[in-house]
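Structure first, then comments.
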Amino acid sequence: MSRANKAWLAAALGLLGACRGAPGRARPAGPSTDAGGRVRAVAEVPPLGPSADGSEVDVPLDWVYLLTAPSPTGSAPYAAVGVTPPCGFRVLYVTADRGDGRVLLRARARREAPGPARAADARCDAPTPTAQLVSLGVLRLGDWRVEDALARQGPGDAGRVPPVVQRVVPDDRALAPLMARWTRPCGAGCGEGGVCMRLAGSHFCAAPRDPWRSMGQPCPAGSAAAEAEPSRGGAAREVCLPLCEGGSRCAPGLRCVAGHGVCVPG
């Protein structure tokens with residue numbers, strides 16, 4: 001492996017939370033990070049439902065996108081999730097609780113505006129969608145169903161995001177390079193919750209909202225922002241893509257886009 005690829009690997013593994021540890025059930029109070037990489041410590045997760053004073057509420061997810069597919073066994077892959085807090089509220093944290101082949105994601109928001117919720121709602125011109133990063137925890141070999149915790153409470157609940165499957169495979173020579181597992185071709189669609197984007201004739205999957213650029217944050221080390229268009233039409237937007245090695249080379253299955261210096265499937 002070249003020095004540049006090693007640098008990319010170290011940066012991406014740090015970002016995506018790859019680590020080794022004993023398998024088992026995750027503590028529901030695992031921390032999440034915002035788009036700037038700041039860790040949000042969660043001392044104790046309250047039961048589902050609003051707090052007694054109404055200052056905290058659970059918020060259904062808008063979407064879930066798996067950053068890497070597949071991921072090696074023993075790693076802690078990340079998901080990007082979309083959360084639109086109620087007017088007057090901000091996202092407090094997103095947690096992941098795993099067990100029985102499932103990872104349940106839960107978003108919690110806290111009221112920022114003073115006064116009762118109705119007053120806060122009246123002062124809000126429009127909801128503000130956000131993109132959050134959350135670790136799924138250390139996962140064993142197999143397929144893990146990742147879903148919104150609110151979607152499992154009953155047919156009348158607000159959770160509506162379709163589940164996605166995080167596949168965990170052996171960490172051996174058959175495992176594709178990290179760059180190729182992060183930047184995947186659309187194929188028949190984006191089965192890990194993403195949308196199909198287009199750049200220089202290549203079609204690839206990406207989060208509905210880039211978890212870094214949509215929040216005004218720089219791309220993680222080893223990647224750069226490039227403006228791409230939705231394959232089905234719509235406004236162009238910036239997405240973070242892996243940098244070309246040495247300015248011209250990419251992992252097998254990817255190609256370097258001249259003028260952008262980033263790797264895309266092709």
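Chain identifiers are assigned as A, B, and so on, following the order in which chains appear in the structure tokens; residues are numbered from 1 within each chain, and ligands are numbered from 1 in order of appearance.
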message: Give me the residues near segment 178-184 of chain A as a VMD selection string, where near means some atom within 9 Å (using only C-alpha atoms) and where sequence neighbours in that chain fewer than 6 positions away do not count.
response: chain A and resid 8 to 9 12 to 13 66 to 71 190 203 to 206 241 to 242 250 to 254 263 to 265
message: Residues within 9 Å of Glu238 of chain A, please, as JSON, numbers by chain. Count only C-alpha atoms; anything in the same chain fewer than 4 positions from it doesn't count.
response: {"A": [210, 213, 214, 225, 226, 227, 228, 229]}
Can you write out the residues you just picked, keeping all heavy atoms, as a PDB file, in the first residue's frame?
ATOM      1  N   ASP A 210     -25.115  15.843   2.274  1.00  0.00           N
ATOM      2  CA  ASP A 210     -23.762  15.508   2.690  1.00  0.00           C
ATOM      3  C   ASP A 210     -23.577  15.905   4.156  1.00  0.00           C
ATOM      4  O   ASP A 210     -23.847  17.056   4.528  1.00  0.00           O
ATOM      5  CB  ASP A 210     -22.738  16.257   1.825  1.00  0.00           C
ATOM      6  CG  ASP A 210     -21.315  15.805   2.122  1.00  0.00           C
ATOM      7  OD1 ASP A 210     -20.696  16.370   3.042  1.00  0.00           O
ATOM      8  OD2 ASP A 210     -20.848  14.877   1.449  1.00  0.00           O
ATOM      9  N   ARG A 213     -20.586  18.925   4.120  1.00  0.00           N
ATOM     10  CA  ARG A 213     -20.776  20.149   3.346  1.00  0.00           C
ATOM     11  C   ARG A 213     -22.134  20.809   3.612  1.00  0.00           C
ATOM     12  O   ARG A 213     -22.244  22.029   3.592  1.00  0.00           O
ATOM     13  CB  ARG A 213     -20.629  19.850   1.850  1.00  0.00           C
ATOM     14  CG  ARG A 213     -19.265  19.314   1.455  1.00  0.00           C
ATOM     15  CD  ARG A 213     -18.132  20.222   1.910  1.00  0.00           C
ATOM     16  NE  ARG A 213     -18.226  21.540   1.309  1.00  0.00           N
ATOM     17  CZ  ARG A 213     -17.892  22.670   1.910  1.00  0.00           C
ATOM     18  NH1 ARG A 213     -17.442  22.653   3.170  1.00  0.00           N
ATOM     19  NH2 ARG A 213     -17.994  23.819   1.280  1.00  0.00           N
ATOM     20  N   SER A 214     -23.173  20.014   3.853  1.00  0.00           N
ATOM     21  CA  SER A 214     -24.488  20.607   4.086  1.00  0.00           C
ATOM     22  C   SER A 214     -24.535  21.403   5.381  1.00  0.00           C
ATOM     23  O   SER A 214     -25.381  22.276   5.546  1.00  0.00           O
ATOM     24  CB  SER A 214     -25.571  19.516   4.110  1.00  0.00           C
ATOM     25  OG  SER A 214     -25.436  18.689   5.256  1.00  0.00           O
ATOM     26  N   ALA A 225     -14.360  18.201  -1.603  1.00  0.00           N
ATOM     27  CA  ALA A 225     -15.709  18.494  -2.082  1.00  0.00           C
ATOM     28  C   ALA A 225     -15.707  18.629  -3.599  1.00  0.00           C
ATOM     29  O   ALA A 225     -14.797  19.206  -4.194  1.00  0.00           O
ATOM     30  CB  ALA A 225     -16.226  19.777  -1.443  1.00  0.00           C
ATOM     31  N   ALA A 226     -16.730  18.068  -4.217  1.00  0.00           N
ATOM     32  CA  ALA A 226     -16.943  18.210  -5.652  1.00  0.00           C
ATOM     33  C   ALA A 226     -18.422  18.442  -5.882  1.00  0.00           C
ATOM     34  O   ALA A 226     -19.264  17.876  -5.183  1.00  0.00           O
ATOM     35  CB  ALA A 226     -16.468  16.966  -6.404  1.00  0.00           C
ATOM     36  N   GLU A 227     -18.751  19.272  -6.849  1.00  0.00           N
ATOM     37  CA  GLU A 227     -20.156  19.563  -7.134  1.00  0.00           C
ATOM     38  C   GLU A 227     -20.707  18.508  -8.077  1.00  0.00           C
ATOM     39  O   GLU A 227     -20.208  18.313  -9.179  1.00  0.00           O
ATOM     40  CB  GLU A 227     -20.296  20.957  -7.738  1.00  0.00           C
ATOM     41  CG  GLU A 227     -21.736  21.449  -7.769  1.00  0.00           C
ATOM     42  CD  GLU A 227     -21.833  22.923  -8.121  1.00  0.00           C
ATOM     43  OE1 GLU A 227     -21.868  23.224  -9.328  1.00  0.00           O
ATOM     44  OE2 GLU A 227     -21.867  23.755  -7.188  1.00  0.00           O
ATOM     45  N   ALA A 228     -21.739  17.809  -7.642  1.00  0.00           N
ATOM     46  CA  ALA A 228     -22.364  16.749  -8.431  1.00  0.00           C
ATOM     47  C   ALA A 228     -23.851  17.041  -8.564  1.00  0.00           C
ATOM     48  O   ALA A 228     -24.425  17.817  -7.795  1.00  0.00           O
ATOM     49  CB  ALA A 228     -22.142  15.395  -7.776  1.00  0.00           C
ATOM     50  N   GLU A 229     -24.482  16.391  -9.530  1.00  0.00           N
ATOM     51  CA  GLU A 229     -25.904  16.581  -9.788  1.00  0.00           C
ATOM     52  C   GLU A 229     -26.665  15.299  -9.488  1.00  0.00           C
ATOM     53  O   GLU A 229     -26.169  14.203  -9.741  1.00  0.00           O
ATOM     54  CB  GLU A 229     -26.139  16.968 -11.254  1.00  0.00           C
ATOM     55  CG  GLU A 229     -25.494  18.279 -11.674  1.00  0.00           C
ATOM     56  CD  GLU A 229     -25.723  18.563 -13.147  1.00  0.00           C
ATOM     57  OE1 GLU A 229     -26.119  17.615 -13.876  1.00  0.00           O
ATOM     58  OE2 GLU A 229     -25.512  19.705 -13.571  1.00  0.00           O
TER      59      GLU A 229
END
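Between atom CA of Gly54 of chain A and atom CA of Pro85 of chain A the separation is 13.7 Å.
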Give me the segment 162-216 of chain A side of the contact with segment 129-151 of chain A, cut-off 12 Å, one line per residue showing its nearest atom pair and distance in Å at one decimal, counting only C-alpha atoms, sorted by chain and residue number, as CSV.
residue,atom,partner,partner_atom,distance
A:Pro162,CA,A:Glu147,CA,7.0
A:Pro163,CA,A:Glu147,CA,4.5
A:Val164,CA,A:Val146,CA,5.3
A:Val165,CA,A:Arg145,CA,4.6
A:Gln166,CA,A:Trp144,CA,5.0
A:Arg167,CA,A:Asp143,CA,4.5
A:Val168,CA,A:Leu141,CA,5.0
A:Val169,CA,A:Leu141,CA,5.6
A:Pro170,CA,A:Leu141,CA,6.9
A:Asp171,CA,A:Leu141,CA,9.7
A:Glu192,CA,A:Val146,CA,9.7
A:Gly193,CA,A:Val146,CA,10.2
A:Ala207,CA,A:Ala131,CA,9.2
A:Pro208,CA,A:Ala131,CA,9.0
A:Arg209,CA,A:Ala131,CA,6.5
A:Asp210,CA,A:Ala131,CA,7.2
A:Pro211,CA,A:Ala131,CA,5.0
A:Trp212,CA,A:Ala131,CA,8.0
A:Arg213,CA,A:Ala131,CA,9.6
A:Ser214,CA,A:Ala131,CA,7.4
A:Met215,CA,A:Ala131,CA,7.2
A:Gly216,CA,A:Ala131,CA,10.9
Mind dumping the selected residues with N, CA, C and O atoms as a compact mmCIF listing (two decimals), in the first residue's frame?
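To be explicit, this is the file written out as selection_16.txt:
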# COMPACT_ATOMS: atom_id res chain seq x y z
N PRO A 162 -37.59 3.74 5.74
CA PRO A 162 -37.38 2.31 5.49
C PRO A 162 -36.06 1.86 6.11
O PRO A 162 -35.07 2.58 6.09
N PRO A 163 -36.01 0.65 6.67
CA PRO A 163 -34.75 0.15 7.22
C PRO A 163 -33.74 -0.12 6.12
O PRO A 163 -34.09 -0.36 4.97
N VAL A 164 -32.46 -0.05 6.49
CA VAL A 164 -31.37 -0.41 5.57
C VAL A 164 -30.55 -1.49 6.25
O VAL A 164 -30.64 -1.69 7.46
N VAL A 165 -29.75 -2.20 5.47
CA VAL A 165 -28.99 -3.32 6.01
C VAL A 165 -27.49 -3.03 5.93
O VAL A 165 -26.96 -2.79 4.84
N GLN A 166 -26.85 -3.03 7.10
CA GLN A 166 -25.39 -2.90 7.16
C GLN A 166 -24.79 -4.30 7.11
O GLN A 166 -24.94 -5.09 8.04
N ARG A 167 -24.15 -4.61 6.00
CA ARG A 167 -23.52 -5.93 5.85
C ARG A 167 -22.12 -5.89 6.43
O ARG A 167 -21.33 -4.99 6.13
N VAL A 168 -21.79 -6.89 7.27
CA VAL A 168 -20.48 -7.00 7.89
C VAL A 168 -19.84 -8.30 7.40
O VAL A 168 -20.43 -9.38 7.52
N VAL A 169 -18.65 -8.19 6.82
CA VAL A 169 -17.99 -9.32 6.16
C VAL A 169 -16.62 -9.57 6.80
O VAL A 169 -16.11 -8.72 7.54
N PRO A 170 -16.00 -10.72 6.52
CA PRO A 170 -14.67 -10.99 7.08
C PRO A 170 -13.65 -9.94 6.63
O PRO A 170 -13.70 -9.42 5.52
N ASP A 171 -12.72 -9.65 7.51
CA ASP A 171 -11.66 -8.69 7.19
C ASP A 171 -10.50 -9.47 6.57
O ASP A 171 -9.53 -9.83 7.25
N GLU A 192 -28.43 1.32 0.32
CA GLU A 192 -28.06 1.68 1.70
C GLU A 192 -28.61 3.04 2.10
O GLU A 192 -28.04 3.74 2.93
N GLY A 193 -29.72 3.44 1.48
CA GLY A 193 -30.41 4.65 1.91
C GLY A 193 -30.00 5.92 1.19
O GLY A 193 -30.51 6.99 1.51
N ALA A 207 -25.21 10.40 0.46
CA ALA A 207 -26.27 10.74 1.41
C ALA A 207 -27.19 11.80 0.80
O ALA A 207 -26.73 12.64 0.02
N PRO A 208 -28.47 11.79 1.13
CA PRO A 208 -29.38 12.82 0.64
C PRO A 208 -28.90 14.24 0.96
O PRO A 208 -29.15 15.17 0.20
N ARG A 209 -28.21 14.40 2.08
CA ARG A 209 -27.54 15.65 2.44
C ARG A 209 -26.14 15.27 2.91
O ARG A 209 -26.00 14.45 3.82
N ASP A 210 -25.12 15.84 2.27
CA ASP A 210 -23.76 15.51 2.69
C ASP A 210 -23.58 15.91 4.16
O ASP A 210 -23.85 17.06 4.53
N PRO A 211 -23.14 14.96 5.02
CA PRO A 211 -23.06 15.27 6.45
C PRO A 211 -22.00 16.31 6.81
O PRO A 211 -22.01 16.81 7.93
N TRP A 212 -21.13 16.66 5.89
CA TRP A 212 -20.12 17.69 6.16
C TRP A 212 -20.46 18.99 5.43
O TRP A 212 -20.66 20.02 6.07
N ARG A 213 -20.59 18.93 4.12
CA ARG A 213 -20.78 20.15 3.35
C ARG A 213 -22.13 20.81 3.61
O ARG A 213 -22.24 22.03 3.59
N SER A 214 -23.17 20.01 3.85
CA SER A 214 -24.49 20.61 4.09
C SER A 214 -24.54 21.40 5.38
O SER A 214 -25.38 22.28 5.55
N MET A 215 -23.61 21.11 6.29
CA MET A 215 -23.56 21.83 7.56
C MET A 215 -22.42 22.86 7.58
O MET A 215 -22.05 23.37 8.64
N GLY A 216 -21.83 23.12 6.40
CA GLY A 216 -20.79 24.14 6.31
C GLY A 216 -19.45 23.70 6.87
O GLY A 216 -18.61 24.56 7.18
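Distance check against Leu92 of chain A using only C-alpha atoms: of A:Val64, A:Leu105, A:Ala235, A:Val57, the minimum falls on A:Val57.
Coordinates place atom CA of Leu104 of chain A at a distance of 23.4 Å from atom CA of Thr128 of chain A.
Among A:Gly233, A:Gly189, A:Gly194, A:Gly261, the residue with the shortest atom-to-atom distance to Ala79 of chain A, counting only C-alpha atoms, is A:Gly194.
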Counting only C-alpha atoms, the residue of A:Val262, A:Ala76, A:Ala96, A:Cys196 that sits nearest Gly246 of chain A: A:Val262
message: Restricting the calculation to only C-alpha atoms: of A:Leu48, A:Tyr65, A:Arg102, A:Pro177, which residue gets closest to Val161 of chain A?
response: A:Tyr65
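When only C-alpha atoms are used to measure the gap to Val59 of chain A, the shortest distance among A:Arg160, A:Arg108, A:Arg255, A:His260 belongs to A:Arg108.
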